[in-house]
Amino acid sequence: MSIGQIIFTLVVVVAFSIAAKNYKKVYRNINLGKDEDISGDEGQRWKNLFLIAFGQKKMFKRWIPAVLHLSIYVAFLFTQIELIEIFIDGFFGVHRFFAPYLGGLYTLIIGSIEVLSFLALIATFIFLVRRNLLKIPRLVKPEMGGWPTIDANLILFGEIALVTGIFMMNGADVVLQQLDPAHYPSSGFLPISSINGPLLFGDLGLNTLQLIERTGWWLHLFTVLLFINYLPVSKHLHIFLAFPNIWYSKINSRGEMENMPDIMNEVKSMMGLIPEQEMDPNADFPEFGAKDIFDLSWKNIMDAYSCTECGRCTDVCPANITGKKLSPRKVMMDIRDRATEIGNNLDTGARKFISEEGRAANEPLTVDNYYDGKSLFDYITREEIHACTTCNACVEACPVTINPLEPILKMRRYEVLTESAGPSDWLPMFTSIENGGAVWQVPDDRDQWAKEMNEEGN
Amino acid sequence: MADYSAEGKTPEVLFWVGCAGSFDARAQKVTKAFAKILTASGVDFAILGNEESCTGDPARRAGNEFVFQMTALQNIEMLNMYKVKDIVTACPHCFNTLKNEYPALGGEYNVIHHTQYMNDLLKEGRLTIEGGEFKGKKITYHDSCYLGRVNGIYEAPRELIAALDGELVEMKRCKTNGLCCGAGGAQMFKENEPGDKRINIERTEEILKTGASIVAANCPFCITMLSDGMKAKEKQDDVMVHDLSELIVQAKGL
Ligand code: SF4
Ligand code: SF4
């Protein structure tokens, strides 16, 4: 085994172990949410997976970013083939393992990767310009300050590094194929490197060429490994999560708010429709709606971790357009950040995160006795959740089928049902419905209009 | 409905009027217009009168599940007692709640929005619309969230405008991308959160850009919001906000 192979194996194993740990954390954080059985409708789910996830159907509502994003996405998918070869070469100490076997097909694959990488590079530059120079409004809203903007730019620089690596290694390789055909099997004519390579590296000596080729190879590999480790702390996790997230998205009507069977049954028993419910006199007053991560469903949290922070939702939100604080993107980012905060606190095992009762009982820190004195309401203000018109524009706009409306409504339910709080303007509406069966307090009959029509002789 | 029941008859359809349609002075006109169309098309319809209650949509969306369940279960009791099967309503919020939310509570009905219903009557030849009144007039159409985006009904109302012979000018944000009027989610019943402007003003400005002299709507709350917007822009005499049923009544001279 050569030094190269040993270093390669070590680097890969370390990178993957750290990554695995971080992906597990995301998985755990998603499961901080409540169980929700999401199944059935497989036909529709497959369709969504193909059209919306693979086909990026929803992206094509806006052509320019859709085409740019598609170039990076397709380049990313295709480059995985080259990555397989990089791994084989690295582990077994061989060079361009597939080249002799695949022949013309190899040229076609690597050639396509080159073209796609080139397109992706152009797209990357345009994305950088859009975000940093043109300052497209949806990309520079308040919630995008600090890390989210750095995050978005980092990945674009990563993309440049990836592509640079490919062109360094392929370019030098093309020249080496002429100088040392025994070690460098021919890759055939590559659309970019066969021109670029001789042009840039044509006069260099064997050693320098080998150095450039290896540097490109390691640069590409390192960027990929960094990328894998960086995803779980970045909005770019969507490249994986978009798929399950779209699969598990709501299939039934958007118009239906989740029913609350507990309340339904209580009201039914009050109305004498079903037998009186057995009430446990010792039971705590039940909490309804969502106050914190634990009250959301796992899908709400998966939504949050799948968010690309693209702001398409916020861009169409009537509340946000008219200057209200509400931004559905911010709601999703807040849910993710709160879930991450709780997850990280749980990992410390610190006693200060154990509830008083838990501490008294000398329990170790668990999800069940977690208490840090905070809640989702410290992230998402009441002003924000009150401003939502439930118009579903955000739900419609999201390219990865996130539903920002659902958590907003769950928080409203917490406020109104558990805290008996909420906008005081709503109280008269509630009482009129409860007492008079109408949204307004009115003395008239409901069929006043019909009586008038009769009088008018209709 | 009680009368039908007493006589042992079943009407063709139950007209669910809704709170706005029953009590709001502006929306009452829509109720009357739609009732006239039903009569003119020979539809034998019933109403619940005082036995109807709010569907509970605003309470549920404001977060008050208790109030929603109380009013919804009462309604379902009533509807099931009368063995109602088909319901038509001129309010997309009532439509959505009856159609999508009542089944989980034990109320399964065939619910249809009045724009669809009128379009069906038109196709069956029971309703005739003579053009002329609106020939060449620029009409823009406002998609309500709960008829459009939530329930995917975009074409029936547009077909009605075509039948009116009007020239449909779409706003930039229409169909799936339609902008809310600002009333949904129980916003109708509370003050706005601080911001730069009201949502209905944003939408009104967009309507004004189309140069249309008529806005066709399908929801009593949208009509209130957009009419208020026109008043705020002092355009209430230039741009008329109407429900589709009212336009048809005008065209037919009913
Ligand atoms: S549903 Fe609420 S959050 Fe979503 S776009 Fe409409 S107003 Fe904004
Ligand atoms: S919720 Fe969807 S639309 Fe909104 S920022 Fe996230 S990915 Fe984009």
# chains A, B, ... in the order shown; residues from 1 in each chain; ligands from 1
>>> residues_near_ligand(ligand="ligand 2", cutoff="7 Å", atoms="only C-alpha atoms and all ligand atoms", output="PyMOL selection string")
chain A and resi 306-314+328-329+332+394+397-404
>>> write_last_selection(atoms="C-alpha atoms", output="compact mmCIF listing (two decimals), in the first residue's frame")
# COMPACT_ATOMS: atom_id res chain seq x y z
CA SER A 306 -35.09 21.08 3.99
CA CYS A 307 -35.51 24.81 3.55
CA THR A 308 -33.22 26.24 0.89
CA GLU A 309 -33.72 29.77 2.21
CA CYS A 310 -34.60 30.77 -1.33
CA GLY A 311 -37.31 33.16 -0.16
CA ARG A 312 -39.82 32.27 -2.86
CA CYS A 313 -42.40 31.94 -0.09
CA THR A 314 -41.61 35.31 1.44
CA PRO A 328 -42.63 32.39 6.01
CA ARG A 329 -38.96 31.72 5.26
CA MET A 332 -38.93 27.89 8.78
CA CYS A 394 -46.07 30.27 0.49
CA ALA A 397 -44.42 28.73 -4.07
CA CYS A 398 -42.05 26.42 -2.25
CA PRO A 399 -39.90 24.39 -4.67
CA VAL A 400 -39.38 21.65 -2.08
CA THR A 401 -43.03 21.56 -0.93
CA ILE A 402 -42.50 22.98 2.53
CA ASN A 403 -45.63 24.08 4.38
CA PRO A 404 -44.87 27.18 6.46
>>> residues_around(residues="region 99-106 of chain A", least_positions_apart="5", cutoff="8 Å", atoms="only C-alpha atoms", output="PyMOL selection string")
chain A and resi 185-188
>>> write_last_selection(atoms="N, CA and C atoms", output="PDB file, in the first residue's frame")
ATOM      1  N   PRO A 185      -3.718   6.348 -19.045  1.00  0.00           N
ATOM      2  CA  PRO A 185      -4.523   5.825 -20.152  1.00  0.00           C
ATOM      3  C   PRO A 185      -5.295   6.958 -20.835  1.00  0.00           C
ATOM      4  N   SER A 186      -5.463   6.810 -22.131  1.00  0.00           N
ATOM      5  CA  SER A 186      -6.101   7.882 -22.892  1.00  0.00           C
ATOM      6  C   SER A 186      -7.562   8.053 -22.476  1.00  0.00           C
ATOM      7  N   SER A 187      -7.964   9.307 -22.350  1.00  0.00           N
ATOM      8  CA  SER A 187      -9.360   9.581 -22.013  1.00  0.00           C
ATOM      9  C   SER A 187     -10.130   9.986 -23.263  1.00  0.00           C
ATOM     10  N   GLY A 188      -9.431   9.946 -24.406  1.00  0.00           N
ATOM     11  CA  GLY A 188     -10.089  10.416 -25.631  1.00  0.00           C
ATOM     12  C   GLY A 188     -10.143  11.932 -25.645  1.00  0.00           C
TER      13      GLY A 188
END
>>> residues_around(residues="Lys175 (chain B)", least_positions_apart="3", cutoff="8 Å", atoms="only C-alpha atoms", output="number ranges by chain")
B: 143, 148-149, 154, 178
>>> closest_residue(among="A:Ala290, A:Val26, A:Leu225, A:Ala161", to="Tyr305 (chain A)", atoms="only C-alpha atoms")
A:Val26
>>> residues_near_ligand(ligand="ligand 1", cutoff="10 Å", atoms="only C-alpha atoms and all ligand atoms", output="ChimeraX atom specification")
/A:312-321,324,326-331,384-397,403-409 /B:145,179-180,182,184-185,187,199
>>> interface_residues(of="chain B", to="chain A", cutoff="8 Å", atoms="only C-alpha atoms", output="PyMOL selection string")
chain B and resi 19+22-23+28+31-32+36+49-50+52-54+56+59+61-67+69-71+73+96-97+100-101+104-105+145-146+149-151+176-177+179-180+182-187+189-199+202
>>> write_last_selection(atoms="C-alpha atoms", output="PDB file, in the first residue's frame")
ATOM      1  CA  CYS B  19     -72.707  34.926   7.539  1.00  0.00           C
ATOM      2  CA  SER B  22     -76.913  36.798   5.335  1.00  0.00           C
ATOM      3  CA  PHE B  23     -75.918  39.907   7.239  1.00  0.00           C
ATOM      4  CA  GLN B  28     -76.754  40.403   0.689  1.00  0.00           C
ATOM      5  CA  THR B  31     -77.103  36.500  -2.210  1.00  0.00           C
ATOM      6  CA  LYS B  32     -80.130  38.023  -3.899  1.00  0.00           C
ATOM      7  CA  LYS B  36     -82.474  35.249  -8.811  1.00  0.00           C
ATOM      8  CA  GLY B  49     -82.595  30.238   7.327  1.00  0.00           C
ATOM      9  CA  ASN B  50     -82.013  30.646  11.036  1.00  0.00           C
ATOM     10  CA  GLU B  52     -77.759  27.842   9.527  1.00  0.00           C
ATOM     11  CA  SER B  53     -74.744  28.852  11.627  1.00  0.00           C
ATOM     12  CA  CYS B  54     -71.288  30.116  10.776  1.00  0.00           C
ATOM     13  CA  GLY B  56     -66.502  28.156  11.751  1.00  0.00           C
ATOM     14  CA  ALA B  59     -62.626  30.697  14.342  1.00  0.00           C
ATOM     15  CA  ARG B  61     -58.061  29.783  11.390  1.00  0.00           C
ATOM     16  CA  ALA B  62     -57.724  32.126  14.317  1.00  0.00           C
ATOM     17  CA  GLY B  63     -56.809  29.052  16.353  1.00  0.00           C
ATOM     18  CA  ASN B  64     -60.053  28.593  18.259  1.00  0.00           C
ATOM     19  CA  GLU B  65     -60.797  24.942  17.659  1.00  0.00           C
ATOM     20  CA  PHE B  66     -63.438  24.821  20.414  1.00  0.00           C
ATOM     21  CA  VAL B  67     -65.633  27.410  18.799  1.00  0.00           C
ATOM     22  CA  GLN B  69     -66.054  22.370  16.610  1.00  0.00           C
ATOM     23  CA  MET B  70     -69.152  23.687  18.354  1.00  0.00           C
ATOM     24  CA  THR B  71     -70.547  25.500  15.378  1.00  0.00           C
ATOM     25  CA  LEU B  73     -70.893  19.963  14.760  1.00  0.00           C
ATOM     26  CA  ASN B  96     -63.775  25.091   1.655  1.00  0.00           C
ATOM     27  CA  THR B  97     -64.836  24.311   5.190  1.00  0.00           C
ATOM     28  CA  ASN B 100     -62.741  19.802   3.078  1.00  0.00           C
ATOM     29  CA  GLU B 101     -63.135  20.057   6.821  1.00  0.00           C
ATOM     30  CA  ALA B 104     -63.440  14.607   9.311  1.00  0.00           C
ATOM     31  CA  LEU B 105     -66.237  15.619  11.694  1.00  0.00           C
ATOM     32  CA  CYS B 145     -57.263  32.197  -2.185  1.00  0.00           C
ATOM     33  CA  TYR B 146     -59.773  29.621  -1.035  1.00  0.00           C
ATOM     34  CA  ARG B 149     -54.979  28.202  -4.724  1.00  0.00           C
ATOM     35  CA  VAL B 150     -56.627  26.136  -2.040  1.00  0.00           C
ATOM     36  CA  ASN B 151     -59.200  24.344  -4.186  1.00  0.00           C
ATOM     37  CA  THR B 176     -51.897  30.035  -8.660  1.00  0.00           C
ATOM     38  CA  ASN B 177     -50.004  33.244  -8.112  1.00  0.00           C
ATOM     39  CA  LEU B 179     -52.536  37.879  -4.439  1.00  0.00           C
ATOM     40  CA  CYS B 180     -54.737  37.635  -1.378  1.00  0.00           C
ATOM     41  CA  GLY B 182     -56.082  40.522   2.908  1.00  0.00           C
ATOM     42  CA  ALA B 183     -59.207  39.167   4.599  1.00  0.00           C
ATOM     43  CA  GLY B 184     -58.466  35.463   5.019  1.00  0.00           C
ATOM     44  CA  GLY B 185     -57.192  33.704   8.094  1.00  0.00           C
ATOM     45  CA  ALA B 186     -59.568  35.755  10.273  1.00  0.00           C
ATOM     46  CA  GLN B 187     -57.765  38.974   9.292  1.00  0.00           C
ATOM     47  CA  PHE B 189     -61.971  40.513  12.091  1.00  0.00           C
ATOM     48  CA  LYS B 190     -58.925  42.296  13.425  1.00  0.00           C
ATOM     49  CA  GLU B 191     -56.677  45.261  12.894  1.00  0.00           C
ATOM     50  CA  ASN B 192     -53.605  44.860  10.708  1.00  0.00           C
ATOM     51  CA  GLU B 193     -50.166  44.320  12.121  1.00  0.00           C
ATOM     52  CA  PRO B 194     -47.880  47.299  11.568  1.00  0.00           C
ATOM     53  CA  GLY B 195     -46.523  47.507   8.036  1.00  0.00           C
ATOM     54  CA  ASP B 196     -46.147  49.751   5.007  1.00  0.00           C
ATOM     55  CA  LYS B 197     -49.638  49.372   3.617  1.00  0.00           C
ATOM     56  CA  ARG B 198     -52.746  47.269   3.743  1.00  0.00           C
ATOM     57  CA  ILE B 199     -52.911  44.179   1.572  1.00  0.00           C
ATOM     58  CA  GLU B 202     -51.607  46.508  -2.803  1.00  0.00           C
TER      59      GLU B 202
END
>>> residues_around(residues="Leu162 (chain A)", least_positions_apart="6", cutoff="8 Å", atoms="only C-alpha atoms", output="list in words")
Leu219, His220, Thr223 and Val224 of chain A
>>> write_last_selection(atoms="N, CA, C and O atoms", output="JSON list (two decimals), in the first residue's frame")
[["chain", "number", "residue", "atom", "x", "y", "z"],
["A", 219, "LEU", "N", -7.81, 18.49, -4.56],
["A", 219, "LEU", "CA", -8.68, 19.66, -4.35],
["A", 219, "LEU", "C", -10.13, 19.25, -4.52],
["A", 219, "LEU", "O", -11.00, 19.58, -3.70],
["A", 220, "HIS", "N", -10.39, 18.48, -5.59],
["A", 220, "HIS", "CA", -11.74, 18.03, -5.85],
["A", 220, "HIS", "C", -12.23, 17.14, -4.70],
["A", 220, "HIS", "O", -13.30, 17.35, -4.15],
["A", 223, "THR", "N", -12.75, 19.09, -1.44],
["A", 223, "THR", "CA", -13.95, 19.92, -1.47],
["A", 223, "THR", "C", -15.19, 19.05, -1.27],
["A", 223, "THR", "O", -16.10, 19.41, -0.53],
["A", 224, "VAL", "N", -15.19, 17.89, -1.92],
["A", 224, "VAL", "CA", -16.35, 17.00, -1.77],
["A", 224, "VAL", "C", -16.50, 16.59, -0.30],
["A", 224, "VAL", "O", -17.61, 16.63, 0.26]]
>>> residues_around(residues="Thr224 (chain B)", least_positions_apart="3", cutoff="9 Å", atoms="only C-alpha atoms", output="JSON list (two decimals) with N, CA and C atoms, in the first residue's frame")
[["chain", "number", "residue", "atom", "x", "y", "z"],
["B", 26, "ARG", "N", -73.57, 44.55, 1.71],
["B", 26, "ARG", "CA", -73.05, 44.41, 0.36],
["B", 26, "ARG", "C", -73.22, 42.96, -0.13],
["B", 27, "ALA", "N", -72.90, 42.02, 0.76],
["B", 27, "ALA", "CA", -72.95, 40.61, 0.36],
["B", 27, "ALA", "C", -74.38, 40.13, 0.18],
["B", 183, "ALA", "N", -58.16, 39.45, 3.61],
["B", 183, "ALA", "CA", -59.21, 39.17, 4.60],
["B", 183, "ALA", "C", -59.09, 37.79, 5.24],
["B", 219, "CYS", "N", -66.05, 36.13, -3.83],
["B", 219, "CYS", "CA", -66.03, 35.97, -2.38],
["B", 219, "CYS", "C", -66.50, 37.26, -1.72],
["B", 220, "PRO", "N", -67.41, 37.15, -0.74],
["B", 220, "PRO", "CA", -67.93, 38.38, -0.12],
["B", 220, "PRO", "C", -66.84, 39.19, 0.59],
["B", 221, "PHE", "N", -65.85, 38.48, 1.13],
["B", 221, "PHE", "CA", -64.81, 39.21, 1.86],
["B", 221, "PHE", "C", -63.87, 39.93, 0.90],
["B", 227, "SER", "N", -63.51, 46.73, -2.49],
["B", 227, "SER", "CA", -64.32, 47.96, -2.53],
["B", 227, "SER", "C", -63.70, 49.01, -1.61],
["B", 228, "ASP", "N", -63.26, 48.58, -0.43],
["B", 228, "ASP", "CA", -62.59, 49.52, 0.48],
["B", 228, "ASP", "C", -61.33, 50.09, -0.18],
["B", 229, "GLY", "N", -60.62, 49.21, -0.89],
["B", 229, "GLY", "CA", -59.41, 49.66, -1.58],
["B", 229, "GLY", "C", -59.74, 50.72, -2.62],
["B", 241, "VAL", "N", -66.62, 46.81, -8.28],
["B", 241, "VAL", "CA", -66.28, 45.48, -7.77],
["B", 241, "VAL", "C", -67.57, 44.68, -7.65]]
>>> closest_residue(among="A:Phe60, A:Phe98, A:Phe92, A:Phe125", to="Ile110 (chain A)", atoms="only C-alpha atoms")
A:Phe98
>>> residues_around(residues="region 32-42 of chain A", least_positions_apart="6", cutoff="10 Å", atoms="only C-alpha atoms", output="list in words")
Val26, Asn48, Trp247, Tyr248, Ser249, Lys250, Ile251, Asn252, Asp292, Ile293, Phe294, Asp295, Leu296, Ser297, Trp298, Lys299, Asn300, Ile301, Met302, Ala339, Ile342, Gly343, Val367 and Asp368 of chain A
>>> write_last_selection(atoms="N, CA, C and O atoms", output="compact mmCIF listing (two decimals), in the first residue's frame")
# COMPACT_ATOMS: atom_id res chain seq x y z
N VAL A 26 -29.06 15.61 12.91
CA VAL A 26 -30.20 16.18 12.18
C VAL A 26 -31.39 15.23 12.28
O VAL A 26 -32.52 15.64 12.55
N ASN A 48 -44.88 13.06 -7.43
CA ASN A 48 -44.26 14.27 -6.87
C ASN A 48 -42.75 14.16 -6.85
O ASN A 48 -42.04 15.11 -7.15
N TRP A 247 -41.49 13.63 -0.83
CA TRP A 247 -42.22 12.36 -0.72
C TRP A 247 -43.29 12.42 0.37
O TRP A 247 -44.43 12.00 0.18
N TYR A 248 -42.91 12.95 1.52
CA TYR A 248 -43.82 12.95 2.67
C TYR A 248 -44.76 14.14 2.71
O TYR A 248 -45.50 14.33 3.67
N SER A 249 -44.74 14.98 1.68
CA SER A 249 -45.59 16.17 1.74
C SER A 249 -47.06 15.81 1.63
O SER A 249 -47.43 14.81 1.04
N LYS A 250 -47.86 16.70 2.20
CA LYS A 250 -49.30 16.52 2.25
C LYS A 250 -49.88 16.23 0.87
O LYS A 250 -49.59 16.94 -0.08
N ILE A 251 -50.70 15.22 0.79
CA ILE A 251 -51.34 14.89 -0.48
C ILE A 251 -52.79 15.36 -0.44
O ILE A 251 -53.33 15.80 -1.44
N ASN A 252 -53.41 15.27 0.74
CA ASN A 252 -54.83 15.65 0.81
C ASN A 252 -54.97 17.16 0.66
O ASN A 252 -53.99 17.88 0.53
N ASP A 292 -43.50 24.75 21.28
CA ASP A 292 -42.09 24.51 21.03
C ASP A 292 -41.94 23.37 20.02
O ASP A 292 -42.93 22.77 19.59
N ILE A 293 -40.69 23.08 19.70
CA ILE A 293 -40.36 22.04 18.74
C ILE A 293 -41.10 20.72 19.03
O ILE A 293 -41.61 20.06 18.12
N PHE A 294 -41.16 20.37 20.32
CA PHE A 294 -41.74 19.08 20.71
C PHE A 294 -43.22 18.95 20.32
O PHE A 294 -43.75 17.86 20.26
N ASP A 295 -43.88 20.08 20.12
CA ASP A 295 -45.31 20.06 19.81
C ASP A 295 -45.57 20.04 18.31
O ASP A 295 -46.71 19.85 17.88
N LEU A 296 -44.53 20.31 17.52
CA LEU A 296 -44.71 20.24 16.07
C LEU A 296 -44.62 18.78 15.65
O LEU A 296 -44.21 17.93 16.43
N SER A 297 -44.97 18.49 14.40
CA SER A 297 -44.79 17.11 13.95
C SER A 297 -43.39 16.99 13.35
O SER A 297 -42.77 17.99 12.99
N TRP A 298 -42.89 15.77 13.25
CA TRP A 298 -41.56 15.58 12.69
C TRP A 298 -41.48 16.15 11.28
O TRP A 298 -40.44 16.65 10.84
N LYS A 299 -42.63 16.12 10.58
CA LYS A 299 -42.61 16.65 9.21
C LYS A 299 -42.39 18.16 9.18
O LYS A 299 -41.70 18.68 8.31
N ASN A 300 -42.97 18.87 10.16
CA ASN A 300 -42.73 20.31 10.24
C ASN A 300 -41.24 20.58 10.39
O ASN A 300 -40.70 21.53 9.82
N ILE A 301 -40.58 19.74 11.19
CA ILE A 301 -39.16 19.97 11.45
C ILE A 301 -38.32 19.54 10.24
O ILE A 301 -37.35 20.20 9.87
N MET A 302 -38.76 18.46 9.59
CA MET A 302 -38.05 18.08 8.37
C MET A 302 -38.18 19.19 7.32
O MET A 302 -37.23 19.53 6.63
N ALA A 339 -34.71 23.92 16.75
CA ALA A 339 -34.49 22.47 16.86
C ALA A 339 -33.01 22.18 17.06
O ALA A 339 -32.63 21.34 17.88
N ILE A 342 -31.97 23.06 20.65
CA ILE A 342 -32.37 22.03 21.63
C ILE A 342 -31.48 20.81 21.48
O ILE A 342 -30.99 20.25 22.46
N GLY A 343 -31.25 20.40 20.22
CA GLY A 343 -30.41 19.23 19.97
C GLY A 343 -29.03 19.41 20.58
O GLY A 343 -28.51 18.53 21.28
N VAL A 367 -34.95 14.00 26.37
CA VAL A 367 -35.90 14.82 25.64
C VAL A 367 -37.11 15.14 26.53
O VAL A 367 -37.66 16.22 26.49
N ASP A 368 -37.49 14.16 27.37
CA ASP A 368 -38.72 14.31 28.14
C ASP A 368 -38.62 15.31 29.28
O ASP A 368 -39.61 15.93 29.65
>>> select_by_dssp(residues="region 4-156 of chain B", states="strand (DSSP E)", output="ChimeraX atom specification")
/B:13-16,45-46,86-89,110-113,138-141
>>> select_by_dssp(residues="region 204-397 of chain A", states="helix (DSSP H, G or I)", output="PyMOL selection string")
chain A and resi 206-233+235-247+261-270+293-295+298-306+312-316+318-321+328-348+351-353+356-360+376-378+382-386+393-397
>>> atom_distance(atom1="CA of Arg173 (chain B)", atom2="CA of Leu247 (chain B)")
22.6 Å
>>> residues_around(residues="Leu209 (chain A)", least_positions_apart="4", cutoff="9 Å", atoms="only C-alpha atoms", output="mmCIF file with all heavy atoms, in the first residue's frame")
data_model
loop_
_atom_site.group_PDB
_atom_site.id
_atom_site.type_symbol
_atom_site.label_atom_id
_atom_site.label_comp_id
_atom_site.auth_asym_id
_atom_site.auth_seq_id
_atom_site.Cartn_x
_atom_site.Cartn_y
_atom_site.Cartn_z
ATOM 1 N N ALA A 172 -4.107 18.661 -16.952
ATOM 2 C CA ALA A 172 -2.754 18.130 -16.820
ATOM 3 C C ALA A 172 -2.721 16.686 -17.314
ATOM 4 O O ALA A 172 -1.746 16.245 -17.942
ATOM 5 C CB ALA A 172 -2.298 18.213 -15.369
ATOM 6 N N ASP A 173 -3.787 15.956 -17.067
ATOM 7 C CA ASP A 173 -3.834 14.552 -17.465
ATOM 8 C C ASP A 173 -3.733 14.396 -18.974
ATOM 9 O O ASP A 173 -3.016 13.520 -19.476
ATOM 10 C CB ASP A 173 -5.139 13.927 -16.963
ATOM 11 C CG ASP A 173 -5.021 12.434 -16.771
ATOM 12 O OD1 ASP A 173 -5.288 11.675 -17.734
ATOM 13 O OD2 ASP A 173 -4.656 12.023 -15.656
ATOM 14 N N VAL A 175 -2.202 16.240 -21.071
ATOM 15 C CA VAL A 175 -0.807 16.415 -21.493
ATOM 16 C C VAL A 175 0.015 15.197 -21.081
ATOM 17 O O VAL A 175 0.836 14.679 -21.847
ATOM 18 C CB VAL A 175 -0.224 17.712 -20.887
ATOM 19 C CG1 VAL A 175 1.186 17.938 -21.403
ATOM 20 C CG2 VAL A 175 -1.121 18.893 -21.232
ATOM 21 N N LEU A 176 -0.237 14.715 -19.872
ATOM 22 C CA LEU A 176 0.511 13.547 -19.383
ATOM 23 C C LEU A 176 0.252 12.310 -20.250
ATOM 24 O O LEU A 176 1.122 11.459 -20.407
ATOM 25 C CB LEU A 176 0.119 13.253 -17.926
ATOM 26 C CG LEU A 176 0.754 14.179 -16.883
ATOM 27 C CD1 LEU A 176 0.050 14.066 -15.539
ATOM 28 C CD2 LEU A 176 2.247 13.857 -16.714
ATOM 29 N N PHE A 201 -0.921 23.980 -19.908
ATOM 30 C CA PHE A 201 0.147 23.190 -19.269
ATOM 31 C C PHE A 201 1.100 22.560 -20.287
ATOM 32 O O PHE A 201 1.982 21.796 -19.924
ATOM 33 C CB PHE A 201 -0.459 22.065 -18.419
ATOM 34 C CG PHE A 201 -1.586 22.502 -17.527
ATOM 35 C CD1 PHE A 201 -2.822 21.873 -17.559
ATOM 36 C CD2 PHE A 201 -1.402 23.560 -16.640
ATOM 37 C CE1 PHE A 201 -3.862 22.273 -16.733
ATOM 38 C CE2 PHE A 201 -2.441 23.968 -15.810
ATOM 39 C CZ PHE A 201 -3.674 23.326 -15.854
ATOM 40 N N LEU A 204 5.007 22.376 -19.741
ATOM 41 C CA LEU A 204 5.540 22.023 -18.427
ATOM 42 C C LEU A 204 6.175 20.637 -18.435
ATOM 43 O O LEU A 204 5.851 19.777 -19.255
ATOM 44 C CB LEU A 204 4.424 22.071 -17.376
ATOM 45 C CG LEU A 204 3.731 23.431 -17.269
ATOM 46 C CD1 LEU A 204 2.582 23.369 -16.284
ATOM 47 C CD2 LEU A 204 4.713 24.522 -16.837
ATOM 48 N N GLY A 205 7.080 20.453 -17.452
ATOM 49 C CA GLY A 205 7.769 19.170 -17.350
ATOM 50 C C GLY A 205 6.901 18.136 -16.657
ATOM 51 O O GLY A 205 5.857 18.462 -16.076
ATOM 52 N N GLU A 213 -1.746 17.741 -11.619
ATOM 53 C CA GLU A 213 -2.804 16.731 -11.719
ATOM 54 C C GLU A 213 -3.234 16.278 -10.329
ATOM 55 O O GLU A 213 -4.426 16.220 -10.001
ATOM 56 C CB GLU A 213 -2.279 15.541 -12.537
ATOM 57 C CG GLU A 213 -3.358 14.599 -13.061
ATOM 58 C CD GLU A 213 -3.821 13.563 -12.048
ATOM 59 O OE1 GLU A 213 -3.034 13.229 -11.135
ATOM 60 O OE2 GLU A 213 -4.966 13.091 -12.146
ATOM 61 N N ARG A 214 -2.247 15.984 -9.467
ATOM 62 C CA ARG A 214 -2.568 15.520 -8.108
ATOM 63 C C ARG A 214 -3.267 16.620 -7.297
ATOM 64 O O ARG A 214 -4.202 16.367 -6.543
ATOM 65 C CB ARG A 214 -1.282 15.081 -7.368
ATOM 66 C CG ARG A 214 -0.756 13.681 -7.723
ATOM 67 C CD ARG A 214 -1.723 12.588 -7.351
ATOM 68 N NE ARG A 214 -2.658 12.285 -8.433
ATOM 69 C CZ ARG A 214 -3.646 11.423 -8.344
ATOM 70 N NH1 ARG A 214 -3.861 10.760 -7.236
ATOM 71 N NH2 ARG A 214 -4.451 11.220 -9.360
#
>>> atom_distance(atom1="CA of Val215 (chain B)", atom2="CA of Ile112 (chain B)")
22.2 Å
